[in-house]
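*Asks:* Input file: entry18.cif. Contents: mmCIF, C-alpha atoms.
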```cif
data_final
#
loop_
_atom_site.group_PDB
_atom_site.id
_atom_site.type_symbol
_atom_site.label_atom_id
_atom_site.label_comp_id
_atom_site.auth_asym_id
_atom_site.auth_seq_id
_atom_site.Cartn_x
_atom_site.Cartn_y
_atom_site.Cartn_z
ATOM 1 C CA MET A 13 101.350 122.689 64.788
ATOM 2 C CA PHE A 14 104.074 125.250 64.066
ATOM 3 C CA ARG A 15 103.797 124.684 60.347
ATOM 4 C CA ALA A 16 100.047 125.136 60.462
ATOM 5 C CA THR A 17 100.452 128.432 62.267
ATOM 6 C CA THR A 18 102.952 129.836 59.813
ATOM 7 C CA SER A 19 100.793 128.870 56.875
ATOM 8 C CA LEU A 20 97.791 130.916 58.064
ATOM 9 C CA ARG A 21 96.727 133.620 55.667
ATOM 10 C CA THR A 22 93.865 135.422 57.399
ATOM 11 C CA PRO A 23 93.698 137.398 60.658
ATOM 12 C CA VAL A 24 90.581 135.458 61.667
ATOM 13 C CA ALA A 25 92.337 132.162 61.366
ATOM 14 C CA ALA A 26 95.284 133.564 63.275
ATOM 15 C CA LEU A 27 92.965 134.644 66.077
ATOM 16 C CA ILE A 28 91.450 131.189 66.219
ATOM 17 C CA VAL A 29 94.876 129.631 66.478
ATOM 18 C CA ALA A 30 95.909 132.163 69.094
ATOM 19 C CA ALA A 31 92.877 131.217 71.135
ATOM 20 C CA CYS A 32 93.812 127.589 70.841
ATOM 21 C CA TRP A 33 97.358 128.332 71.950
ATOM 22 C CA SER A 34 96.314 130.385 74.938
ATOM 23 C CA GLY A 35 93.759 127.792 76.075
ATOM 24 C CA PRO A 36 96.106 125.477 77.905
ATOM 25 C CA VAL A 37 97.923 128.400 79.512
ATOM 26 C CA VAL A 38 94.727 129.856 80.967
ATOM 27 C CA SER A 39 93.618 126.455 82.134
ATOM 28 C CA GLN A 40 96.953 125.838 83.833
ATOM 29 C CA ASP A 41 96.796 129.192 85.580
ATOM 30 C CA THR A 42 93.310 128.419 86.785
ATOM 31 C CA ALA A 43 94.452 125.071 88.093
ATOM 32 C CA ARG A 44 97.323 126.701 89.925
ATOM 33 C CA GLN A 45 94.992 129.227 91.493
ATOM 34 C CA GLN A 46 92.789 126.400 92.686
ATOM 35 C CA ASP A 47 95.807 124.553 94.013
ATOM 36 C CA PHE A 48 96.971 127.531 96.034
ATOM 37 C CA GLY A 49 94.080 127.401 98.459
ATOM 38 C CA PRO A 50 93.461 124.666 101.003
ATOM 39 C CA SER A 51 91.428 121.710 99.819
ATOM 40 C CA LYS A 52 90.263 118.445 101.239
ATOM 41 C CA LEU A 53 91.992 115.365 99.973
ATOM 42 C CA SER A 54 91.016 111.770 99.503
ATOM 43 C CA GLY A 55 92.967 108.616 100.069
ATOM 44 C CA PHE A 56 94.018 106.039 102.593
ATOM 45 C CA TYR A 57 96.407 105.778 105.463
ATOM 46 C CA SER A 58 97.444 103.020 107.800
ATOM 47 C CA PHE A 59 99.735 102.589 110.764
ATOM 48 C CA TYR A 60 101.945 99.556 110.982
ATOM 49 C CA SER A 61 105.178 97.994 112.091
ATOM 50 C CA GLY A 62 107.178 95.512 110.076
ATOM 51 C CA ALA A 63 107.818 96.171 106.437
ATOM 52 C CA LEU A 64 105.786 96.860 103.368
ATOM 53 C CA GLY A 65 106.253 93.895 101.099
ATOM 54 C CA ASP A 66 106.647 91.514 103.985
ATOM 55 C CA GLU A 67 104.382 91.248 106.965
ATOM 56 C CA LEU A 68 102.480 94.236 108.270
ATOM 57 C CA LEU A 69 102.084 94.072 112.009
ATOM 58 C CA GLN A 70 100.266 96.310 114.410
ATOM 59 C CA PRO A 71 102.209 99.408 115.437
ATOM 60 C CA ASN A 72 103.793 99.218 118.875
ATOM 61 C CA ASN A 73 105.871 101.253 121.277
ATOM 62 C CA LYS A 74 109.114 100.255 119.620
ATOM 63 C CA GLU A 75 108.091 100.596 116.017
ATOM 64 C CA SER A 76 105.349 102.593 114.414
ATOM 65 C CA LYS A 77 105.126 103.789 110.858
ATOM 66 C CA VAL A 78 102.450 105.393 108.788
ATOM 67 C CA ARG A 79 101.842 105.178 105.067
ATOM 68 C CA PHE A 80 99.578 107.327 102.934
ATOM 69 C CA THR A 81 97.970 106.945 99.546
ATOM 70 C CA VAL A 82 96.646 110.190 98.133
ATOM 71 C CA THR A 83 94.056 109.816 95.391
ATOM 72 C CA GLY A 84 91.864 112.039 93.245
ATOM 73 C CA ARG A 85 92.665 115.602 92.283
ATOM 74 C CA ALA A 86 95.422 116.000 94.849
ATOM 75 C CA ALA A 87 97.282 113.020 93.425
ATOM 76 C CA ALA A 88 96.782 114.195 89.869
ATOM 77 C CA ARG A 89 98.132 117.635 90.693
ATOM 78 C CA MET A 90 101.083 116.186 92.607
ATOM 79 C CA PHE A 91 101.930 114.049 89.592
ATOM 80 C CA ASP A 92 101.658 117.064 87.309
ATOM 81 C CA TYR A 93 103.809 119.252 89.516
ATOM 82 C CA MET A 94 106.566 116.655 89.717
ATOM 83 C CA SER A 95 108.633 117.454 86.685
ATOM 84 C CA SER A 96 108.808 115.100 83.750
ATOM 85 C CA GLY A 97 112.393 114.494 84.798
ATOM 86 C CA ALA A 98 110.995 112.439 87.636
ATOM 87 C CA THR A 99 109.304 110.087 85.209
ATOM 88 C CA MET A 100 110.513 106.537 85.378
ATOM 89 C CA LYS A 101 109.478 103.155 84.119
ATOM 90 C CA ASP A 102 107.155 101.505 86.581
ATOM 91 C CA PHE A 103 108.411 97.947 86.812
ATOM 92 C CA CYS A 104 105.524 97.080 89.098
ATOM 93 C CA GLU A 105 102.695 97.772 86.663
ATOM 94 C CA ASP A 106 103.105 97.604 82.911
ATOM 95 C CA ASN A 107 100.181 99.910 82.271
ATOM 96 C CA GLU A 108 101.346 102.725 84.517
ATOM 97 C CA ILE A 109 103.969 105.417 84.442
ATOM 98 C CA ALA A 110 105.582 106.619 87.617
ATOM 99 C CA ARG A 111 107.176 109.777 88.842
ATOM 100 C CA SER A 112 109.437 109.509 91.823
ATOM 101 C CA ARG A 113 111.714 111.695 93.867
ATOM 102 C CA ASP A 114 113.420 110.188 96.866
ATOM 103 C CA HIS A 115 110.714 108.235 98.723
ATOM 104 C CA LEU A 116 107.777 110.018 97.111
ATOM 105 C CA MET A 117 106.152 108.133 94.259
ATOM 106 C CA CYS A 118 103.156 108.934 92.103
ATOM 107 C CA THR A 119 101.769 106.614 89.454
ATOM 108 C CA ARG A 120 99.321 107.217 86.621
ATOM 109 C CA ASN A 121 97.454 104.587 84.677
ATOM 110 C CA LYS A 122 98.078 105.073 80.983
ATOM 111 C CA SER A 123 94.497 104.213 80.050
ATOM 112 C CA THR A 124 92.307 105.520 82.841
ATOM 113 C CA LEU A 125 94.690 108.281 84.012
ATOM 114 C CA LYS A 126 93.867 107.244 87.562
ATOM 115 C CA THR A 127 96.645 108.689 89.662
ATOM 116 C CA GLU A 128 97.857 107.793 93.130
ATOM 117 C CA CYS A 129 100.703 109.149 95.226
ATOM 118 C CA TYR A 130 102.396 107.253 98.013
ATOM 119 C CA PHE A 131 104.575 108.300 100.911
ATOM 120 C CA GLY A 132 105.171 107.341 104.508
ATOM 121 C CA PHE A 133 107.099 108.073 107.668
ATOM 122 C CA ASP A 134 108.799 106.272 110.490
ATOM 123 C CA LEU A 135 107.018 107.905 113.389
ATOM 124 C CA HIS A 136 109.870 107.345 115.817
ATOM 125 C CA SER A 137 112.533 108.995 113.708
ATOM 126 C CA GLY A 138 110.345 111.184 111.550
ATOM 127 C CA LYS A 139 112.196 109.983 108.491
ATOM 128 C CA SER A 140 110.501 109.575 105.149
ATOM 129 C CA ILE A 141 110.340 105.874 104.297
ATOM 130 C CA GLY A 142 108.011 105.686 101.335
ATOM 131 C CA GLY A 143 104.559 104.237 101.152
ATOM 132 C CA VAL A 144 104.484 101.664 98.401
ATOM 133 C CA VAL A 145 106.318 98.549 97.245
ATOM 134 C CA CYS A 146 105.660 95.892 94.670
ATOM 135 C CA MET B 27 113.290 71.439 109.106
ATOM 136 C CA ALA B 28 110.716 69.359 107.341
ATOM 137 C CA GLY B 29 107.792 71.242 105.962
ATOM 138 C CA LYS B 30 104.758 70.006 104.153
ATOM 139 C CA LEU B 31 103.861 70.424 100.557
ATOM 140 C CA PRO B 32 100.553 72.225 100.370
ATOM 141 C CA ARG B 33 98.091 70.187 98.420
ATOM 142 C CA ILE B 34 97.408 71.339 94.896
ATOM 143 C CA PRO B 35 93.791 70.685 93.933
ATOM 144 C CA ASP B 36 93.204 67.712 91.707
ATOM 145 C CA GLY B 37 93.707 68.462 88.068
ATOM 146 C CA TRP B 38 95.896 71.520 88.404
ATOM 147 C CA LEU B 39 99.072 69.624 87.831
ATOM 148 C CA ASP B 40 97.465 67.588 85.084
ATOM 149 C CA ALA B 41 97.727 70.556 82.755
ATOM 150 C CA PRO B 42 100.346 70.317 80.018
ATOM 151 C CA ALA B 43 103.636 69.310 81.584
ATOM 152 C CA ASP B 44 105.300 72.442 80.333
ATOM 153 C CA ALA B 45 102.915 74.527 82.371
ATOM 154 C CA ALA B 46 104.117 72.905 85.555
ATOM 155 C CA GLY B 47 107.770 73.492 84.914
ATOM 156 C CA GLY B 48 109.196 71.695 81.917
ATOM 157 C CA GLU B 49 112.451 72.939 80.506
ATOM 158 C CA ASN B 50 110.708 74.057 77.354
ATOM 159 C CA ALA B 51 107.723 75.470 79.098
ATOM 160 C CA THR B 52 105.285 77.653 77.256
ATOM 161 C CA THR B 53 102.234 79.533 78.360
ATOM 162 C CA PRO B 54 99.451 76.998 78.702
ATOM 163 C CA SER B 55 96.721 78.066 76.355
ATOM 164 C CA ALA B 56 94.192 75.856 78.094
ATOM 165 C CA LEU B 57 94.357 77.907 81.266
ATOM 166 C CA SER B 58 92.086 80.884 81.588
ATOM 167 C CA THR B 59 93.246 84.124 83.158
ATOM 168 C CA SER B 60 89.707 85.309 83.885
ATOM 169 C CA LYS B 61 89.420 86.442 87.474
ATOM 170 C CA GLU B 62 86.275 84.344 87.782
ATOM 171 C CA ASP B 63 88.525 81.323 87.552
ATOM 172 C CA TRP B 64 90.920 82.506 90.212
ATOM 173 C CA VAL B 65 91.779 80.158 92.991
ATOM 174 C CA GLN B 66 93.343 80.520 96.378
ATOM 175 C CA LEU B 67 96.813 79.203 97.107
ATOM 176 C CA PRO B 68 96.451 76.012 99.131
ATOM 177 C CA GLN B 69 97.468 76.786 102.684
ATOM 178 C CA PRO B 70 99.879 74.539 104.552
ATOM 179 C CA ASP B 71 97.421 74.251 107.423
ATOM 180 C CA ASP B 72 94.880 72.730 105.049
ATOM 181 C CA LEU B 73 96.919 69.581 104.705
ATOM 182 C CA GLU B 74 95.565 66.446 106.190
ATOM 183 C CA ALA B 75 97.514 64.994 109.083
ATOM 184 C CA GLY B 76 100.463 62.911 107.973
ATOM 185 C CA GLU B 77 100.355 64.053 104.380
ATOM 186 C CA PRO B 78 103.895 63.838 103.038
ATOM 187 C CA GLY B 79 105.812 66.525 101.268
ATOM 188 C CA ALA B 80 107.899 69.594 101.818
ATOM 189 C CA GLY B 81 107.618 73.014 100.319
ATOM 190 C CA TYR B 82 106.469 76.490 101.069
ATOM 191 C CA TYR B 83 104.996 78.289 104.017
ATOM 192 C CA THR B 84 102.878 81.394 103.802
ATOM 193 C CA TYR B 85 103.215 84.848 105.287
ATOM 194 C CA GLY B 86 101.943 88.311 104.538
ATOM 195 C CA THR B 87 98.990 90.487 105.089
ATOM 196 C CA ASP B 88 95.371 89.960 104.244
ATOM 197 C CA LYS B 89 92.969 92.654 103.176
ATOM 198 C CA SER B 90 91.993 93.411 106.756
ATOM 199 C CA GLY B 91 95.584 94.133 107.615
ATOM 200 C CA LYS B 92 95.699 91.382 110.219
ATOM 201 C CA PRO B 93 98.962 89.527 110.299
ATOM 202 C CA GLY B 94 99.150 85.798 109.912
ATOM 203 C CA THR B 95 96.075 85.510 107.747
ATOM 204 C CA THR B 96 97.718 85.866 104.426
ATOM 205 C CA ALA B 97 95.404 83.465 102.613
ATOM 206 C CA ASN B 98 93.081 86.338 101.777
ATOM 207 C CA ALA B 99 95.850 87.900 99.740
ATOM 208 C CA GLN B 100 96.871 84.762 97.901
ATOM 209 C CA TRP B 101 94.493 84.563 94.996
ATOM 210 C CA GLY B 102 95.338 84.203 91.345
ATOM 211 C CA PRO B 103 94.816 82.173 88.211
ATOM 212 C CA PRO B 104 95.460 78.433 88.445
ATOM 213 C CA LYS B 105 98.681 78.925 86.510
ATOM 214 C CA THR B 106 100.142 80.897 89.401
ATOM 215 C CA MET B 107 99.434 78.121 91.836
ATOM 216 C CA GLN B 108 100.838 75.572 89.415
ATOM 217 C CA VAL B 109 104.081 77.484 89.248
ATOM 218 C CA ILE B 110 104.345 77.667 93.028
ATOM 219 C CA GLY B 111 103.579 73.967 93.303
ATOM 220 C CA ALA B 112 106.189 73.148 90.670
ATOM 221 C CA VAL B 113 108.814 75.256 92.446
ATOM 222 C CA ALA B 114 107.987 73.646 95.767
ATOM 223 C CA GLY B 115 108.421 70.270 94.132
ATOM 224 C CA LYS B 116 111.813 71.188 92.718
ATOM 225 C CA LEU B 117 113.073 72.534 96.037
ATOM 226 C CA ALA B 118 111.864 69.646 98.156
ATOM 227 C CA ASN B 119 114.628 67.241 97.255
ATOM 228 C CA GLY B 120 117.425 66.164 99.571
ATOM 229 C CA ASP B 121 120.306 68.549 100.165
ATOM 230 C CA GLN B 122 118.698 71.080 97.901
ATOM 231 C CA TYR B 123 115.694 71.281 100.181
ATOM 232 C CA THR B 124 114.807 74.946 100.340
ATOM 233 C CA PRO B 125 111.703 75.884 102.243
ATOM 234 C CA PHE B 126 110.423 79.197 100.997
ATOM 235 C CA GLY B 127 107.861 81.689 102.159
ATOM 236 C CA VAL B 128 105.107 82.824 99.838
ATOM 237 C CA GLY B 129 103.620 86.212 100.645
ATOM 238 C CA ASN B 130 101.144 88.391 98.863
ATOM 239 C CA ILE B 131 99.816 87.457 95.451
ATOM 240 C CA SER B 132 96.465 89.198 94.907
ATOM 241 C CA LEU B 133 93.230 89.817 96.705
ATOM 242 C CA GLN B 134 90.206 87.892 95.523
ATOM 243 C CA ASN B 135 88.949 89.207 92.185
ATOM 244 C CA GLY B 136 91.941 91.501 91.942
ATOM 245 C CA ALA B 137 90.627 94.039 94.431
ATOM 246 C CA ASP B 138 92.663 97.187 94.944
ATOM 247 C CA PHE B 139 95.927 96.393 96.682
ATOM 248 C CA SER B 140 97.991 99.455 95.921
ATOM 249 C CA GLY B 141 95.785 102.267 97.134
ATOM 250 C CA ARG B 142 94.706 100.718 100.394
ATOM 251 C CA TYR B 143 97.799 98.730 101.258
ATOM 252 C CA GLY B 144 100.636 100.281 99.285
ATOM 253 C CA HIS B 145 101.325 97.085 97.421
ATOM 254 C CA LYS B 146 101.572 97.467 93.677
ATOM 255 C CA GLY B 147 101.962 94.741 91.094
ATOM 256 C CA HIS B 148 99.482 92.544 92.895
ATOM 257 C CA ASN B 149 96.221 93.094 91.092
ATOM 258 C CA ASP B 150 96.507 90.566 88.270
ATOM 259 C CA GLY B 151 97.280 87.397 90.196
ATOM 260 C CA LEU B 152 100.610 87.090 88.423
ATOM 261 C CA GLY B 153 102.860 88.756 90.992
ATOM 262 C CA ILE B 154 104.195 86.532 93.765
ATOM 263 C CA ASP B 155 106.174 87.806 96.727
ATOM 264 C CA VAL B 156 108.722 85.381 98.106
ATOM 265 C CA ARG B 157 111.028 85.771 101.072
ATOM 266 C CA PRO B 158 114.743 85.242 100.537
ATOM 267 C CA ALA B 159 116.049 82.018 102.070
ATOM 268 C CA ARG B 160 117.597 81.911 105.526
ATOM 269 C CA THR B 161 120.459 79.758 106.728
ATOM 270 C CA ASP B 162 118.532 78.810 109.867
ATOM 271 C CA GLY B 163 115.376 77.802 108.016
ATOM 272 C CA ALA B 164 113.277 80.052 110.239
ATOM 273 C CA GLN B 165 109.969 81.207 108.833
ATOM 274 C CA ALA B 166 110.889 84.835 109.351
ATOM 275 C CA PRO B 167 111.785 87.938 107.353
ATOM 276 C CA VAL B 168 115.348 88.506 106.198
ATOM 277 C CA THR B 169 117.150 90.994 103.986
ATOM 278 C CA TYR B 170 120.057 90.124 101.738
ATOM 279 C CA THR B 171 122.441 92.013 104.015
ATOM 280 C CA ASP B 172 121.496 90.039 107.136
ATOM 281 C CA PRO B 173 123.874 87.357 108.459
ATOM 282 C CA ALA B 174 121.007 84.863 108.393
ATOM 283 C CA TYR B 175 120.496 85.342 104.666
ATOM 284 C CA ASP B 176 121.307 82.307 102.513
ATOM 285 C CA PRO B 177 122.341 83.397 98.999
ATOM 286 C CA ALA B 178 122.934 79.866 97.716
ATOM 287 C CA ALA B 179 119.453 78.724 98.665
ATOM 288 C CA THR B 180 117.968 81.945 97.325
ATOM 289 C CA GLN B 181 119.709 81.292 94.013
ATOM 290 C CA ARG B 182 118.130 77.840 93.961
ATOM 291 C CA MET B 183 114.735 79.433 94.452
ATOM 292 C CA VAL B 184 115.323 81.838 91.594
ATOM 293 C CA ASN B 185 116.524 79.014 89.368
ATOM 294 C CA ALA B 186 113.485 76.933 90.244
ATOM 295 C CA PHE B 187 111.118 79.751 89.347
ATOM 296 C CA ARG B 188 113.019 80.466 86.138
ATOM 297 C CA SER B 189 112.940 76.813 85.135
ATOM 298 C CA THR B 190 109.150 76.869 84.943
ATOM 299 C CA GLY B 191 109.384 79.054 81.864
ATOM 300 C CA GLN B 192 106.550 81.130 83.230
ATOM 301 C CA VAL B 193 108.585 83.953 84.737
ATOM 302 C CA SER B 194 108.681 87.357 83.126
ATOM 303 C CA ASN B 195 110.971 88.972 85.688
ATOM 304 C CA ILE B 196 112.140 88.712 89.269
ATOM 305 C CA TYR B 197 112.960 91.827 91.267
ATOM 306 C CA PHE B 198 115.530 91.457 94.031
ATOM 307 C CA ASN B 199 118.515 93.543 95.036
ATOM 308 C CA ASP B 200 121.268 91.070 95.927
ATOM 309 C CA PRO B 201 123.904 91.583 93.206
ATOM 310 C CA ARG B 202 125.236 88.063 93.832
ATOM 311 C CA ILE B 203 122.041 86.477 92.569
ATOM 312 C CA SER B 204 121.693 85.914 88.851
ATOM 313 C CA GLY B 205 118.392 85.980 87.056
ATOM 314 C CA VAL B 206 117.017 88.901 89.022
ATOM 315 C CA GLN B 207 116.689 92.615 88.405
ATOM 316 C CA PRO B 208 117.344 95.163 91.128
ATOM 317 C CA TRP B 209 114.463 97.441 91.991
ATOM 318 C CA ARG B 210 113.779 99.777 94.859
ATOM 319 C CA ASP B 211 112.563 98.299 98.142
ATOM 320 C CA HIS B 212 113.389 94.733 97.205
ATOM 321 C CA ASP B 213 116.019 93.978 99.823
ATOM 322 C CA ASN B 214 113.664 91.783 101.830
ATOM 323 C CA HIS B 215 111.611 90.009 99.224
ATOM 324 C CA LEU B 216 111.643 88.750 95.686
ATOM 325 C CA HIS B 217 108.801 89.857 93.479
ATOM 326 C CA VAL B 218 108.253 87.129 90.930
ATOM 327 C CA LYS B 219 106.356 88.436 87.942
ATOM 328 C CA LEU B 220 104.796 85.763 85.770
ATOM 329 C CA LYS B 221 104.079 86.056 82.080
ATOM 330 C CA PRO B 222 100.505 86.987 81.200
#
```
Could you write out this structure as structure tokens?

*Replies:*
Amino acid sequence: MFRATTSLRTPVAALIVAACWSGPVVSQDTARQQDFGPSKLSGFYSFYSGALGDELLQPNNKESKVRFTVTGRAAARMFDYMSSGATMKDFCEDNEIARSRDHLMCTRNKSTLKTECYFGFDLHSGKSIGGVVC
Amino acid sequence: MAGKLPRIPDGWLDAPADAAGGENATTPSALSTSKEDWVQLPQPDDLEAGEPGAGYYTYGTDKSGKPGTTANAQWGPPKTMQVIGAVAGKLANGDQYTPFGVGNISLQNGADFSGRYGHKGHNDGLGIDVRPARTDGAQAPVTYTDPAYDPAATQRMVNAFRSTGQVSNIYFNDPRISGVQPWRDHDNHLHVKLKP
């Protein structure tokens, strides 16, 4: 792309390239403006006791946890906002890439780009405990 | 503790011997991986009275989230059930008897497991959750740091799965166990990933 730009010989072509360059920037700004306001989100949540990956039991007075899956635009934007440094190999699914920080994990399908984010809390301690296992 | 070997439907173990756990096992080409051909893991309670054998028990969560009804989350291609049957057979002998708990595999037809239930790696019928072994033989959860955890028996389980030749990877965090790869949140179960 850089070589193509430097090889341009007419102002018109340069303007076209400039427009192309500024496109993603404008679009990102617009997305950030949209993100700044409150929006509804889609996804799933469930209360449980026990452990993800073992047996999920009904929540009770001694143990109650909640896990969330955020889907749709909210998940996509969360994934995008997590820096690329959070990207990791997703051992659970070969066709997905994951971004994770602490107990927060977002995954994106390489083909469909479907994105989901997972997190959860122990409701007795308030601690973040994650919301997905494999 | 004498368990029962869940009955494998007729014909499943008649596939090429390698598919059921030969030392030189290869992926059985005769077996389809189409989800239309998926089958449910035989449940121990389905055994007829007095049927001999020893092997696995089941645990986990079905798609309604109700405990103790894990059968709804134990679907997969016949190959998966063959592997479990072969492992149960290997672990059912004498002093090496190692009852093991089979948890989630997949929902019927590979329905979404991750979004609704936070369980990834369980949409293709090739991921099998297994509890680590316990010294007391109880059909209960255990982590590898618990006193009731049995590393020797867990190693036998891993070896039995590996010997089928059908295993791509096994995720589990006990550093004393060979043949496994550590991965987050795998202190309390082994995720056995079969080859496609």

*Asks:* Go through chain A and flag each residue having an atom no more than 7 Å from chain B; for those, report the closest pair of atoms plus their distance in Å to one decimal, using only C-alpha atoms, ordered by chain and rising number, as a Markdown table.

*Replies:*
```
| residue | atom | partner | partner_atom | distance |
| --- | --- | --- | --- | --- |
| A:Phe56 | CA | B:Arg142 | CA | 5.8 |
| A:Gly65 | CA | B:His215 | CA | 6.9 |
| A:Asp66 | CA | B:Gly86 | CA | 5.7 |
| A:Glu67 | CA | B:Gly86 | CA | 4.5 |
| A:Leu68 | CA | B:Thr87 | CA | 6.0 |
| A:Leu69 | CA | B:Pro93 | CA | 5.8 |
| A:Thr81 | CA | B:Gly141 | CA | 5.7 |
| A:Cys104 | CA | B:Gly147 | CA | 4.7 |
| A:Glu105 | CA | B:Gly147 | CA | 5.4 |
| A:Gly143 | CA | B:Gly144 | CA | 5.9 |
| A:Val144 | CA | B:Gly144 | CA | 4.2 |
| A:Val145 | CA | B:His145 | CA | 5.2 |
| A:Cys146 | CA | B:Lys146 | CA | 4.5 |
```

*Asks:* Around the point (101.3, 101.2, 112.5) in the file's coordinates, collect all residues with an atom within 7 Å, using all atoms listed in the file, and return them as a PyMOL selection string.

*Replies:* chain A and resi 58-61+70-71+76-78

*Asks:* When you look at Cys118 (chain A) with a cut-off of 8 Å (counting only C-alpha atoms), what residues show up, excluding the ones that are within fewer than 2 positions of it in the same chain? I need them as a list of chain:residue names.

*Replies:*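 Selected residues are A:Ala87, A:Met90, A:Phe91, A:Ala110, A:Arg111, A:Ser112, A:Leu116, A:Arg120, A:Thr127, A:Glu128, A:Cys129, A:Tyr130.
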
*Asks:* Could you tell me which of A:Arg85, A:Glu75, A:Met117, A:Ser123 comes closest to Lys101 (chain A) if we count all atoms listed in the file?

*Replies:*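 Between A:Arg85, A:Glu75, A:Met117, A:Ser123, the residue approaching Lys101 (chain A) most closely is A:Met117.
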
*Asks:* I'd like the interatomic distance between CA of Gly136 (chain B) and CA of Gly55 (chain A), to a tenth of an Å.

*Replies:* 19.0 Å

*Asks:* Expand the PyMOL selection byres ((chain B and resi 64) around 9) into the individual residues it matches in the shown file, reporting them as a PyMOL selection string.

*Replies:* chain B and resi 58-63+65-66+101-104+134-135+151

*Asks:* Rank A:Ser51, A:His115, A:Asn121, A:Ala43 by their smallest atom-to-atom distance to Ser140 (chain A), using only C-alpha atoms, and report the top residue only.

*Replies:*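 Looking at the shortest contact to Ser140 (chain A), the residue is A:His115.
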
*Asks:* Please compute the CA of Phe126 (chain B)-CA of Asp138 (chain B) distance, one decimal, in Å.

*Replies:*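 Distance between the two atoms: 26.0 Å.
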
*Asks:* Can you work out which one of A:His136, A:Phe131, A:Gly142, A:Ala86 has the shortest atom-to-atom distance to Pro50 (chain A), counting all atoms listed in the file?

*Replies:*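 Between A:His136, A:Phe131, A:Gly142, A:Ala86, the residue approaching Pro50 (chain A) most closely is A:Ala86.
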
*Asks:* Let me make sure I understand: among B:Leu220, B:Ala164, B:Ala137, B:Leu117, which one has the smallest atom-to-atom distance to Met183 (chain B) if we use all atoms listed in the file?

*Replies:*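 Once distances to Met183 (chain B) are computed over all atoms listed in the file, the minimum belongs to B:Leu117.
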
*Asks:* So what do you get for CA of Glu108 (chain A) versus CA of Met107 (chain B), distance-wise?

*Replies:*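 Distance reported for this atom pair: 25.7 Å.
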
*Asks:* For Ala186 (chain B), find every residue with an atom within 8 Å (counting only C-alpha atoms), except residues of its own chain fewer than 4 positions away, and show them as a tab-separated table (two decimals) with C-alpha atoms, in the frame of the given file.

*Replies:*
```tsv
chain	number	residue	atom	x	y	z
B	113	VAL	CA	108.81	75.26	92.45
B	116	LYS	CA	111.81	71.19	92.72
B	117	LEU	CA	113.07	72.53	96.04
B	182	ARG	CA	118.13	77.84	93.96
B	190	THR	CA	109.15	76.87	84.94
```

*Asks:* Here is a test: counting all atoms listed in the file, which residue of B:Lys221, B:Gln108, B:Asp121, B:Thr169 is nearest to Ser194 (chain B)?

*Replies:*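 Of B:Lys221, B:Gln108, B:Asp121, B:Thr169, the one nearest Ser194 (chain B), counting all atoms listed in the file, is B:Lys221.
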
*Asks:* Using the chain letters and numbers from this file, what does the PyMOL selection byres ((chain B and resi 174) around 7) select? Give the answer as a JSON list (two decimals) with C-alpha atoms, in the frame of the given file.

*Replies:*
```
[["chain", "number", "residue", "atom", "x", "y", "z"],
["B", 160, "ARG", "CA", 117.60, 81.91, 105.53],
["B", 161, "THR", "CA", 120.46, 79.76, 106.73],
["B", 162, "ASP", "CA", 118.53, 78.81, 109.87],
["B", 172, "ASP", "CA", 121.50, 90.04, 107.14],
["B", 173, "PRO", "CA", 123.87, 87.36, 108.46],
["B", 175, "TYR", "CA", 120.50, 85.34, 104.67],
["B", 176, "ASP", "CA", 121.31, 82.31, 102.51]]
```
